[in-house]
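Q: You'll find protein16.csv just under this line, and it carries CSV, C-alpha atoms.
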```
chain,number,residue,atom,x,y,z
A,1,MET,CA,178.7,52.4,47.7
A,2,LYS,CA,176.1,54.7,49.2
A,3,PHE,CA,177.3,53.9,52.7
A,4,ARG,CA,180.8,55.0,51.9
A,5,MET,CA,179.4,58.1,50.2
A,6,GLY,CA,177.5,58.9,53.4
A,7,VAL,CA,180.7,58.4,55.4
A,8,ALA,CA,182.6,60.7,53.1
A,9,ALA,CA,179.9,63.5,53.3
A,10,LEU,CA,179.6,63.2,57.1
A,11,SER,CA,183.4,63.2,57.5
A,12,LEU,CA,183.8,66.3,55.5
A,13,THR,CA,181.1,68.0,57.6
A,14,GLY,CA,182.9,66.9,60.8
A,15,LEU,CA,186.2,68.1,59.4
A,16,LEU,CA,184.7,71.6,58.8
A,17,ILE,CA,183.2,71.7,62.4
A,18,SER,CA,186.5,70.6,63.9
A,19,ALA,CA,188.3,73.3,61.9
A,20,TYR,CA,185.8,75.9,63.1
A,21,LEU,CA,186.4,75.0,66.7
A,22,TRP,CA,190.2,74.8,66.3
A,23,MET,CA,190.2,78.2,64.6
A,24,PHE,CA,188.2,79.7,67.5
A,25,LYS,CA,190.5,78.3,70.1
A,26,HIS,CA,193.5,79.8,68.4
A,27,GLY,CA,192.0,83.2,67.9
A,28,TYR,CA,191.3,83.2,64.2
A,29,ILE,CA,187.5,83.6,64.9
A,30,GLY,CA,186.1,86.1,67.3
A,31,ALA,CA,183.2,84.2,68.7
A,32,LEU,CA,181.5,80.9,68.1
A,33,ALA,CA,177.9,80.9,66.7
A,34,CYS,CA,176.5,79.0,69.6
A,35,GLY,CA,173.4,80.8,70.9
A,36,SER,CA,175.1,81.1,74.3
A,37,GLY,CA,178.6,81.3,75.7
A,38,GLU,CA,178.7,77.5,76.5
A,39,CYS,CA,180.7,76.5,73.4
A,40,ALA,CA,183.4,79.0,74.3
A,41,THR,CA,183.4,77.7,77.9
A,42,VAL,CA,184.0,74.2,76.6
A,43,GLN,CA,186.6,75.2,74.0
A,44,LEU,CA,188.6,77.3,76.4
A,45,SER,CA,188.5,74.8,79.3
A,46,GLU,CA,191.4,72.7,80.2
A,47,TYR,CA,189.6,69.7,78.7
A,48,SER,CA,189.9,71.1,75.2
A,49,SER,CA,193.3,69.5,75.0
A,50,PHE,CA,194.0,65.8,75.3
A,51,LEU,CA,197.6,64.7,76.0
A,52,GLY,CA,198.7,68.1,75.0
A,53,VAL,CA,197.0,68.1,71.6
A,54,ASP,CA,193.9,70.1,70.9
A,55,VAL,CA,190.8,68.0,70.8
A,56,ALA,CA,189.5,69.9,67.8
A,57,LEU,CA,192.7,69.1,66.0
A,58,LEU,CA,192.4,65.4,66.9
A,59,GLY,CA,188.9,65.5,65.5
A,60,ALA,CA,190.0,67.2,62.3
A,61,LEU,CA,192.7,64.6,61.8
A,62,ALA,CA,190.3,61.7,62.4
A,63,TYR,CA,187.6,63.1,60.1
A,64,ALA,CA,190.3,63.8,57.4
A,65,ALA,CA,191.4,60.2,57.7
A,66,LEU,CA,187.8,58.9,57.5
A,67,LEU,CA,187.2,61.1,54.5
A,68,GLY,CA,190.4,59.7,52.8
A,69,LEU,CA,189.4,56.1,53.6
A,70,ALA,CA,185.8,56.6,52.3
A,71,MET,CA,187.1,58.2,49.1
A,72,LEU,CA,189.6,55.4,48.6
A,73,GLY,CA,186.8,52.9,49.1
A,74,LEU,CA,184.9,54.5,46.3
A,75,GLN,CA,187.6,54.1,43.7
A,76,PRO,CA,187.2,51.4,41.1
A,77,GLY,CA,188.8,48.2,42.3
A,78,TRP,CA,188.3,49.1,45.9
A,79,LEU,CA,184.5,49.1,46.1
A,80,ASP,CA,184.2,45.6,47.5
A,81,ARG,CA,187.5,45.5,49.4
A,82,GLN,CA,187.3,45.2,53.2
A,83,GLU,CA,190.4,47.2,54.2
A,84,PRO,CA,188.8,50.7,54.0
A,85,THR,CA,185.8,49.5,55.9
A,86,ARG,CA,187.9,47.8,58.6
A,87,ALA,CA,190.0,51.0,59.0
A,88,MET,CA,186.9,53.2,59.1
A,89,LEU,CA,185.3,50.9,61.7
A,90,LEU,CA,188.4,51.2,63.9
A,91,LEU,CA,188.5,54.9,63.6
A,92,SER,CA,184.8,55.6,64.0
A,93,ALA,CA,184.5,53.2,67.0
A,94,GLY,CA,187.4,55.0,68.7
A,95,GLY,CA,185.8,58.3,67.8
A,96,VAL,CA,182.4,57.3,69.3
A,97,LEU,CA,184.2,56.3,72.6
A,98,PHE,CA,186.1,59.5,72.6
A,99,ALA,CA,183.0,61.5,71.9
A,100,ALA,CA,181.2,59.8,74.8
A,101,TYR,CA,184.1,60.7,77.1
A,102,LEU,CA,184.0,64.3,75.9
A,103,THR,CA,180.2,64.5,76.3
A,104,GLY,CA,180.5,63.1,79.8
A,105,LEU,CA,183.1,65.9,80.6
A,106,GLU,CA,180.7,68.5,79.3
A,107,LEU,CA,177.7,67.2,81.3
A,108,PHE,CA,179.4,66.3,84.6
A,109,VAL,CA,182.7,68.2,84.9
A,110,ILE,CA,182.5,71.4,82.8
A,111,HIS,CA,178.7,71.8,83.2
A,112,ALA,CA,178.4,73.4,79.8
A,113,ILE,CA,177.2,71.9,76.5
A,114,CYS,CA,178.8,72.9,73.2
A,115,ARG,CA,176.3,72.4,70.4
A,116,TRP,CA,179.1,72.0,67.9
A,117,CYS,CA,180.6,69.2,70.0
A,118,VAL,CA,177.1,67.5,70.1
A,119,ALA,CA,176.8,67.8,66.4
A,120,SER,CA,180.3,66.2,66.0
A,121,ALA,CA,179.2,63.4,68.4
A,122,VAL,CA,176.1,62.7,66.3
A,123,ILE,CA,178.2,62.7,63.1
A,124,ILE,CA,180.7,60.2,64.4
A,125,VAL,CA,177.8,57.9,65.6
A,126,LEU,CA,176.2,58.1,62.2
A,127,ILE,CA,179.6,57.3,60.6
A,128,LEU,CA,179.9,54.2,62.8
A,129,VAL,CA,176.4,53.1,61.8
A,130,LEU,CA,177.1,53.5,58.1
A,131,THR,CA,180.4,51.7,58.5
A,132,LEU,CA,178.7,48.8,60.2
A,133,LEU,CA,176.2,48.6,57.3
A,134,ASP,CA,179.1,48.8,54.8
A,135,ARG,CA,180.8,45.9,56.6
A,136,ARG,CA,177.7,43.8,56.2
A,137,ARG,CA,177.5,44.7,52.5
A,138,VAL,CA,181.2,43.9,51.9
A,139,ALA,CA,181.0,40.6,53.8
A,140,ARG,CA,178.2,39.5,51.4
A,141,HIS,CA,180.6,39.7,48.5
B,1,MET,CA,176.2,54.0,34.0
B,2,ALA,CA,173.9,54.4,37.0
B,3,GLY,CA,176.9,54.0,39.3
B,4,SER,CA,178.8,56.7,37.4
B,5,SER,CA,175.8,59.1,37.6
B,6,SER,CA,175.3,58.6,41.3
B,7,LEU,CA,179.0,59.1,41.8
B,8,ASN,CA,178.9,62.4,39.9
B,9,ARG,CA,176.0,63.5,42.1
B,10,PHE,CA,177.9,62.5,45.2
B,11,TYR,CA,181.0,64.5,44.1
B,12,LEU,CA,178.7,67.5,43.5
B,13,ILE,CA,177.2,67.2,47.1
B,14,LEU,CA,180.8,66.9,48.5
B,15,LEU,CA,181.7,70.0,46.5
B,16,VAL,CA,178.7,71.9,47.8
B,17,ILE,CA,179.6,71.0,51.4
B,18,ALA,CA,183.3,71.9,50.9
B,19,VAL,CA,182.5,75.2,49.3
B,20,GLY,CA,179.7,76.1,51.6
B,21,GLY,CA,181.5,75.2,54.8
B,22,GLY,CA,184.8,76.7,53.6
B,23,GLY,CA,183.0,79.9,52.6
B,24,LEU,CA,181.4,80.1,56.1
B,25,LEU,CA,184.7,79.6,57.8
B,26,TYR,CA,186.3,82.3,55.6
B,27,TRP,CA,183.4,84.7,56.4
B,28,GLN,CA,183.9,84.0,60.1
B,29,VAL,CA,187.5,84.9,59.8
B,30,ARG,CA,186.9,88.0,57.7
B,31,ARG,CA,183.9,89.5,59.6
B,32,ASN,CA,186.2,91.5,61.9
B,33,VAL,CA,185.0,90.3,65.3
B,34,PRO,CA,187.7,90.7,67.9
B,35,SER,CA,189.2,87.6,69.2
B,36,ILE,CA,191.1,87.6,72.5
B,37,SER,CA,192.6,84.2,72.9
B,38,PRO,CA,194.1,82.9,76.2
B,39,ASP,CA,196.6,80.9,74.1
B,40,VAL,CA,199.1,83.7,74.1
B,41,VAL,CA,202.8,83.8,74.9
B,42,VAL,CA,203.7,86.5,77.3
B,43,THR,CA,206.7,88.7,76.2
B,44,VAL,CA,208.8,91.1,78.2
B,45,ALA,CA,207.1,94.0,76.3
B,46,ASP,CA,203.7,92.9,77.6
B,47,THR,CA,204.5,93.7,81.2
B,48,ALA,CA,207.2,96.5,80.8
B,49,GLY,CA,206.2,99.4,83.0
B,50,PHE,CA,202.8,97.9,83.8
B,51,SER,CA,201.8,96.3,87.1
B,52,GLY,CA,198.1,96.8,87.1
B,53,TYR,CA,195.4,99.5,86.9
B,54,TYR,CA,195.8,101.9,89.8
B,55,LEU,CA,193.3,104.2,91.5
B,56,GLY,CA,194.4,106.7,94.2
B,57,ASP,CA,197.5,108.4,95.5
B,58,ALA,CA,200.8,106.8,94.7
B,59,SER,CA,202.0,107.7,98.2
B,60,ALA,CA,199.1,106.1,100.0
B,61,PRO,CA,200.4,103.9,102.8
B,62,VAL,CA,198.3,100.9,101.9
B,63,VAL,CA,198.0,99.2,98.5
B,64,ILE,CA,195.1,96.9,98.0
B,65,THR,CA,195.3,94.6,95.1
B,66,GLU,CA,192.3,92.9,93.6
B,67,TYR,CA,192.4,89.9,91.3
B,68,ALA,CA,189.1,89.7,89.5
B,69,ASP,CA,187.2,88.5,86.5
B,70,TYR,CA,184.6,90.7,84.7
B,71,GLN,CA,182.3,87.8,84.2
B,72,CYS,CA,182.3,86.6,87.8
B,73,GLY,CA,179.1,87.4,89.7
B,74,PHE,CA,180.9,87.9,93.1
B,75,CYS,CA,183.3,90.4,91.4
B,76,GLN,CA,180.4,92.3,89.9
B,77,GLN,CA,178.6,92.4,93.2
B,78,PHE,CA,181.8,93.6,94.9
B,79,ASP,CA,182.4,96.2,92.3
B,80,MET,CA,178.9,97.6,92.3
B,81,VAL,CA,178.1,97.4,96.0
B,82,GLN,CA,181.4,97.7,98.0
B,83,PHE,CA,183.8,99.4,95.7
B,84,PRO,CA,182.2,102.8,95.4
B,85,ASP,CA,182.3,103.1,99.3
B,86,ILE,CA,185.9,101.9,99.4
B,87,VAL,CA,186.8,104.6,96.8
B,88,ARG,CA,185.1,107.2,98.8
B,89,GLN,CA,186.3,106.1,102.3
B,90,LEU,CA,189.8,104.9,101.5
B,91,VAL,CA,191.0,105.9,98.1
B,92,GLU,CA,189.8,109.5,97.8
B,93,THR,CA,191.0,110.2,101.4
B,94,GLY,CA,194.5,109.0,100.4
B,95,LYS,CA,194.5,106.2,102.9
B,96,ALA,CA,194.8,103.4,100.3
B,97,ARG,CA,195.6,102.9,96.7
B,98,TRP,CA,193.6,100.4,94.7
B,99,ARG,CA,195.3,98.1,92.2
B,100,TYR,CA,193.2,96.0,89.9
B,101,ARG,CA,194.6,92.9,88.2
B,102,ASP,CA,192.9,90.7,85.6
B,103,PHE,CA,192.3,87.1,86.5
B,104,PRO,CA,189.9,85.9,83.8
B,105,LEU,CA,188.8,82.3,84.6
B,106,ASN,CA,188.6,79.9,81.7
B,107,MET,CA,185.0,79.0,82.7
B,108,HIS,CA,183.9,82.5,81.7
B,109,PRO,CA,184.1,82.7,77.9
B,110,PHE,CA,183.9,86.5,77.6
B,111,ALA,CA,186.1,87.4,80.6
B,112,TRP,CA,189.2,87.8,78.3
B,113,MET,CA,187.4,90.0,75.9
B,114,ALA,CA,186.0,92.1,78.7
B,115,ALA,CA,189.5,92.5,80.2
B,116,HIS,CA,190.9,93.4,76.8
B,117,SER,CA,188.1,96.0,76.3
B,118,ALA,CA,189.0,97.7,79.6
B,119,ALA,CA,192.7,97.6,78.6
B,120,CYS,CA,191.9,99.3,75.3
B,121,ALA,CA,190.0,102.0,77.3
B,122,ASP,CA,193.1,102.3,79.5
B,123,ASP,CA,195.1,103.0,76.3
B,124,GLN,CA,192.9,106.2,76.0
B,125,GLY,CA,193.0,107.1,79.7
B,126,ARG,CA,189.5,105.9,80.4
B,127,TYR,CA,190.1,102.6,82.2
B,128,TRP,CA,187.9,103.1,85.3
B,129,GLU,CA,185.0,104.3,83.3
B,130,GLN,CA,185.0,101.2,81.0
B,131,HIS,CA,185.7,99.0,84.0
B,132,ALA,CA,182.6,100.3,85.7
B,133,ALA,CA,180.5,100.0,82.6
B,134,ILE,CA,181.5,96.4,82.0
B,135,TYR,CA,180.7,95.4,85.5
B,136,GLN,CA,177.4,97.2,85.4
B,137,GLY,CA,176.5,95.3,82.2
B,138,THR,CA,177.7,91.8,83.2
B,139,ASP,CA,174.2,90.4,83.4
B,140,LYS,CA,173.5,91.6,79.9
B,141,TRP,CA,176.6,90.9,77.9
B,142,SER,CA,177.4,87.5,79.6
B,143,ARG,CA,174.1,86.2,78.1
B,144,GLU,CA,175.0,87.4,74.6
B,145,SER,CA,176.5,85.0,72.0
B,146,GLU,CA,179.1,87.6,71.0
B,147,PRO,CA,179.4,90.7,73.3
B,148,SER,CA,182.1,92.7,71.5
B,149,GLY,CA,179.4,95.1,70.2
B,150,THR,CA,178.2,95.8,73.7
B,151,PHE,CA,181.7,96.6,74.9
B,152,ARG,CA,182.1,98.9,71.9
B,153,ASP,CA,178.9,100.7,72.9
B,154,TYR,CA,180.3,101.2,76.4
B,155,ALA,CA,183.5,102.6,74.8
B,156,LYS,CA,181.5,105.0,72.7
B,157,ARG,CA,179.4,106.1,75.7
B,158,ASN,CA,182.6,106.6,77.7
B,159,GLY,CA,183.9,109.0,75.1
B,160,LEU,CA,186.6,106.8,73.6
B,161,ASP,CA,187.9,107.3,70.1
B,162,VAL,CA,186.0,104.3,68.7
B,163,LYS,CA,188.2,103.9,65.6
B,164,ALA,CA,191.3,103.6,67.9
B,165,TYR,CA,189.3,101.3,70.2
B,166,ASP,CA,188.3,99.0,67.3
B,167,GLU,CA,192.0,98.9,66.2
B,168,CYS,CA,193.1,98.0,69.7
B,169,MET,CA,190.5,95.3,70.0
B,170,MET,CA,191.3,93.8,66.6
B,171,SER,CA,195.0,93.8,67.4
B,172,SER,CA,194.5,91.9,70.7
B,173,LYS,CA,197.6,93.6,71.7
B,174,PHE,CA,196.9,93.4,75.5
B,175,ALA,CA,196.2,89.7,75.5
B,176,GLY,CA,199.8,89.1,76.7
B,177,ARG,CA,199.4,91.6,79.5
B,178,ILE,CA,196.2,89.9,80.7
B,179,LYS,CA,197.9,86.5,80.6
B,180,ALA,CA,200.8,87.9,82.6
B,181,SER,CA,198.4,89.3,85.2
B,182,TYR,CA,196.7,85.9,85.4
B,183,ASP,CA,200.0,84.1,85.7
B,184,GLU,CA,201.1,86.4,88.4
B,185,GLY,CA,197.9,85.9,90.4
B,186,ALA,CA,198.1,82.1,90.0
B,187,ALA,CA,201.8,82.2,91.2
B,188,ALA,CA,200.6,84.3,94.2
B,189,GLY,CA,198.0,81.6,95.1
B,190,VAL,CA,194.9,83.1,93.6
B,191,SER,CA,192.4,80.4,92.7
B,192,GLY,CA,189.1,82.2,92.7
B,193,THR,CA,187.8,85.7,92.3
B,194,PRO,CA,187.8,88.2,93.7
B,195,THR,CA,190.9,87.7,95.7
B,196,PHE,CA,192.5,90.6,97.6
B,197,PHE,CA,196.0,91.3,98.8
B,198,ILE,CA,196.8,94.1,101.2
B,199,ASN,CA,200.3,95.5,101.0
B,200,GLY,CA,201.3,92.2,99.3
B,201,ARG,CA,199.7,89.9,101.8
B,202,LEU,CA,196.7,87.7,101.1
B,203,TYR,CA,193.6,89.2,102.7
B,204,SER,CA,191.0,86.6,103.5
B,205,GLY,CA,188.9,88.8,105.8
B,206,ASN,CA,185.6,90.4,105.2
B,207,SER,CA,185.5,91.9,101.7
B,208,THR,CA,183.1,94.7,102.5
B,209,SER,CA,183.9,98.4,102.6
B,210,ASP,CA,183.8,98.2,106.4
B,211,GLY,CA,186.2,95.2,106.5
B,212,PHE,CA,188.7,97.0,104.3
B,213,LYS,CA,188.3,100.2,106.3
B,214,ARG,CA,189.0,98.4,109.5
B,215,ILE,CA,192.2,96.8,108.2
B,216,VAL,CA,193.4,99.9,106.5
B,217,ASP,CA,192.8,102.0,109.6
B,218,SER,CA,194.7,99.4,111.7
B,219,LEU,CA,197.6,99.4,109.3
B,220,THR,CA,197.8,103.2,109.1
B,221,SER,CA,197.6,103.6,112.8
B,222,MET,CA,200.4,101.0,113.2
B,223,SER,CA,202.6,102.9,110.7
B,224,THR,CA,201.9,106.1,112.6
B,225,VAL,CA,203.0,104.6,116.0
B,226,THR,CA,205.9,102.6,114.6
B,227,PRO,CA,209.1,104.9,114.5
```
Kindly transcribe the structure held in the file into structure tokens.
A:
Amino acid sequence: MKFRMGVAALSLTGLLISAYLWMFKHGYIGALACGSGECATVQLSEYSSFLGVDVALLGALAYAALLGLAMLGLQPGWLDRQEPTRAMLLLSAGGVLFAAYLTGLELFVIHAICRWCVASAVIIVLILVLTLLDRRRVARH
Amino acid sequence: MAGSSSLNRFYLILLVIAVGGGGLLYWQVRRNVPSISPDVVVTVADTAGFSGYYLGDASAPVVITEYADYQCGFCQQFDMVQFPDIVRQLVETGKARWRYRDFPLNMHPFAWMAAHSAACADDQGRYWEQHAAIYQGTDKWSRESEPSGTFRDYAKRNGLDVKAYDECMMSSKFAGRIKASYDEGAAAGVSGTPTFFINGRLYSGNSTSDGFKRIVDSLTSMSTVTP
């Protein structure tokens, strides 16, 4: 149960970070609290969209889905079911690959590091780790 | 029982994250920091009657157009080193008219805000003063995490009505104009800054005051000879 709780808490944090970045990109927030201008450089670059969709929006949707799955997995009757874990594993593994791609772009193409993006990358890795631990727990039942 | 208590604690933690994070987002939105987003749709009103910021006699035989970005080091260097001589030698003598166009590059996070700050100064007839102040301060404000206060200080120093300036910045009403300027430059083949056009033709020569003086002198002598 604690692994799914961890996934839910981390997903909510990731959702808030993604919402923050999306709101900045669309002009709802004046400047990003970043310590330097590099977050804005990344968020305003052409790579802040993927196939025409804002990367921050994709992140928000993925975190919202992970949050929903983790909450579902915490409901009575679902605690030991494998379906939420499988879906979380699929989403978080995809998320880690996508975060690796985005971090690569920051390091080698944009040459600017967005701390919020790094925070999001760390969160999705932690979610994957917790989901793998949860899979092991569910498999034992 | 233990499960129910840990679940309650978990829901409390989730609530704290949601309220805390949501509250921070709300505070960010409400704290009145201007936001000039490049994601703007250009309307006809954005460009009506506006084709750039001009300096010099409207009847000057040569028009030099500069596409530049306030956060670009080369543009700053040009503006501080070459531009004063160009103004003295070519603009004030009536030989050329200078036209400045915004071309804020996406790699420069505060270039849009700087361009908008200058546009708001233009609204009060103080464009070139704000333009100069922004370029003189590029090294300072480009290192800040949020430079709107620095631009506001320049506006104050340049004698602008600060209340009107603040309203202008918060409205981001010139974002469309800046985007239109960028689009026009991109369509004309501008890819870096600064880029110059002389009488509408791309100038790739020496961008020093001497270089501009040579070409302007050559163009004006041609127009004197040509019947």
Q: Write out as number ranges by chain every residue belonging to chain B that has an atom at most 10 Å from any atom of chain A, counting all atoms listed in the file.
A: B: 3, 6-7, 10-11, 13-15, 17-18, 20-22, 24-40, 105-110, 113, 142-148, 170, 172
Q: Stretch 23-109 of chain A near stretch 118-131 of chain A within 8 Å: what's each residue's closest atom pair and its distance in Å to one decimal, counting all atoms listed in the file, ordered by chain then ascending residue number, as a Markdown table?
A:
```
| residue | atom | partner | partner_atom | distance |
| --- | --- | --- | --- | --- |
| A:Thr85 | CA | A:Thr131 | CA | 6.4 |
| A:Met88 | CA | A:Thr131 | CA | 6.7 |
| A:Leu89 | CA | A:Thr131 | CA | 5.9 |
| A:Ser92 | CA | A:Leu128 | CA | 5.2 |
| A:Ala93 | CA | A:Leu128 | CA | 6.3 |
| A:Gly95 | CA | A:Ile124 | CA | 6.4 |
| A:Val96 | CA | A:Val125 | CA | 5.9 |
| A:Ala99 | CA | A:Ala121 | CA | 5.5 |
| A:Ala100 | CA | A:Ala121 | CA | 7.6 |
| A:Thr103 | CA | A:Val118 | CA | 7.6 |
```
Q: Could you jot down the atom CA of B:Thr65 to atom CA of B:Ala188 separation for me, Å, one decimal place?
A: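 These atoms are spaced 11.6 Å apart.
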Q: Any idea what's packed within 10 Å of stretch 67-74 of chain B, counting only C-alpha atoms, ignoring anything in its chain fewer than 4 positions away? Could you give it as a PyMOL selection string?
A: chain B and resi 52+78-80+99-115+118+131-132+134-139+141-142+181-182+184-186+190-197
Q: Go ahead and save the residues from that selection, with C-alpha atoms, as a tab-separated table (two decimals), in the coordinates of the input.
A:
```
chain	number	residue	atom	x	y	z
B	52	GLY	CA	198.10	96.80	87.10
B	78	PHE	CA	181.80	93.60	94.90
B	79	ASP	CA	182.40	96.20	92.30
B	80	MET	CA	178.90	97.60	92.30
B	99	ARG	CA	195.30	98.10	92.20
B	100	TYR	CA	193.20	96.00	89.90
B	101	ARG	CA	194.60	92.90	88.20
B	102	ASP	CA	192.90	90.70	85.60
B	103	PHE	CA	192.30	87.10	86.50
B	104	PRO	CA	189.90	85.90	83.80
B	105	LEU	CA	188.80	82.30	84.60
B	106	ASN	CA	188.60	79.90	81.70
B	107	MET	CA	185.00	79.00	82.70
B	108	HIS	CA	183.90	82.50	81.70
B	109	PRO	CA	184.10	82.70	77.90
B	110	PHE	CA	183.90	86.50	77.60
B	111	ALA	CA	186.10	87.40	80.60
B	112	TRP	CA	189.20	87.80	78.30
B	113	MET	CA	187.40	90.00	75.90
B	114	ALA	CA	186.00	92.10	78.70
B	115	ALA	CA	189.50	92.50	80.20
B	118	ALA	CA	189.00	97.70	79.60
B	131	HIS	CA	185.70	99.00	84.00
B	132	ALA	CA	182.60	100.30	85.70
B	134	ILE	CA	181.50	96.40	82.00
B	135	TYR	CA	180.70	95.40	85.50
B	136	GLN	CA	177.40	97.20	85.40
B	137	GLY	CA	176.50	95.30	82.20
B	138	THR	CA	177.70	91.80	83.20
B	139	ASP	CA	174.20	90.40	83.40
B	141	TRP	CA	176.60	90.90	77.90
B	142	SER	CA	177.40	87.50	79.60
B	181	SER	CA	198.40	89.30	85.20
B	182	TYR	CA	196.70	85.90	85.40
B	184	GLU	CA	201.10	86.40	88.40
B	185	GLY	CA	197.90	85.90	90.40
B	186	ALA	CA	198.10	82.10	90.00
B	190	VAL	CA	194.90	83.10	93.60
B	191	SER	CA	192.40	80.40	92.70
B	192	GLY	CA	189.10	82.20	92.70
B	193	THR	CA	187.80	85.70	92.30
B	194	PRO	CA	187.80	88.20	93.70
B	195	THR	CA	190.90	87.70	95.70
B	196	PHE	CA	192.50	90.60	97.60
B	197	PHE	CA	196.00	91.30	98.80
```
Q: Select, from B:Gly23, B:Gly176, B:Pro61, B:Gly159, the residue with the minimum atom-to-atom distance to B:Ile198, counting only C-alpha atoms.
A: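 Closest to B:Ile198, using only C-alpha atoms: B:Pro61.
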Q: What separation in Å, quoted to one decimal, exists between atom CA of A:Tyr63 and atom CA of A:Ser48?
A: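 Spanning atom CA of A:Tyr63 to atom CA of A:Ser48 is a straight-line distance of 17.2 Å.
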Q: Measure the distance from atom CA of B:Leu55 to atom CA of B:Val91 in Å and round it to one decimal.
A: 7.2 Å
Q: Nearest to B:Ala121: which of B:Gln76, B:Thr208, B:Asn158, B:Thr93 is it, counting all atoms listed in the file?
A: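 Ranking B:Gln76, B:Thr208, B:Asn158, B:Thr93 by distance to B:Ala121, first place goes to B:Asn158.
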Q: Pull all heavy atoms for stretch 87-92 of chain B from the block and write them as a short mmCIF file (atom, residue, chain, number, x, y, z; two decimals), in the first residue's frame.
A:
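Produced file part-v4.cif, reproduced below:
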```
data_model
loop_
_atom_site.label_atom_id
_atom_site.label_comp_id
_atom_site.auth_asym_id
_atom_site.auth_seq_id
_atom_site.Cartn_x
_atom_site.Cartn_y
_atom_site.Cartn_z
N VAL B 87 24.32 57.39 -35.55
CA VAL B 87 23.32 58.44 -35.34
C VAL B 87 23.94 59.80 -35.64
O VAL B 87 23.35 60.64 -36.33
CB VAL B 87 22.76 58.38 -33.89
CG1 VAL B 87 21.89 59.59 -33.58
CG2 VAL B 87 21.97 57.10 -33.68
N ARG B 88 25.12 60.00 -35.12
CA ARG B 88 25.79 61.30 -35.29
C ARG B 88 26.16 61.55 -36.76
O ARG B 88 25.90 62.63 -37.30
CB ARG B 88 27.05 61.32 -34.42
CG ARG B 88 27.65 62.70 -34.18
CD ARG B 88 28.68 62.67 -33.05
NE ARG B 88 29.53 61.49 -33.08
CZ ARG B 88 30.59 61.33 -33.89
NH1 ARG B 88 30.92 62.28 -34.73
NH2 ARG B 88 31.30 60.22 -33.84
N GLN B 89 26.69 60.53 -37.41
CA GLN B 89 27.21 60.72 -38.77
C GLN B 89 26.14 60.63 -39.85
O GLN B 89 26.23 61.31 -40.87
CB GLN B 89 28.29 59.66 -39.08
CG GLN B 89 29.53 59.80 -38.24
CD GLN B 89 30.49 58.64 -38.47
OE1 GLN B 89 30.13 57.62 -39.04
NE2 GLN B 89 31.71 58.80 -38.00
N LEU B 90 25.15 59.79 -39.65
CA LEU B 90 24.20 59.52 -40.73
C LEU B 90 22.76 59.97 -40.42
O LEU B 90 22.09 60.51 -41.31
CB LEU B 90 24.18 58.02 -41.06
CG LEU B 90 25.52 57.42 -41.48
CD1 LEU B 90 25.39 55.92 -41.67
CD2 LEU B 90 26.02 58.07 -42.77
N VAL B 91 22.32 59.76 -39.20
CA VAL B 91 20.92 60.06 -38.88
C VAL B 91 20.73 61.55 -38.64
O VAL B 91 19.84 62.19 -39.23
CB VAL B 91 20.44 59.22 -37.67
CG1 VAL B 91 19.01 59.57 -37.30
CG2 VAL B 91 20.54 57.73 -37.99
N GLU B 92 21.58 62.12 -37.81
CA GLU B 92 21.43 63.54 -37.49
C GLU B 92 21.77 64.45 -38.67
O GLU B 92 21.33 65.60 -38.72
CB GLU B 92 22.32 63.90 -36.28
CG GLU B 92 21.74 63.33 -34.98
CD GLU B 92 22.61 63.54 -33.75
OE1 GLU B 92 23.73 64.09 -33.88
OE2 GLU B 92 22.17 63.14 -32.67
#
```
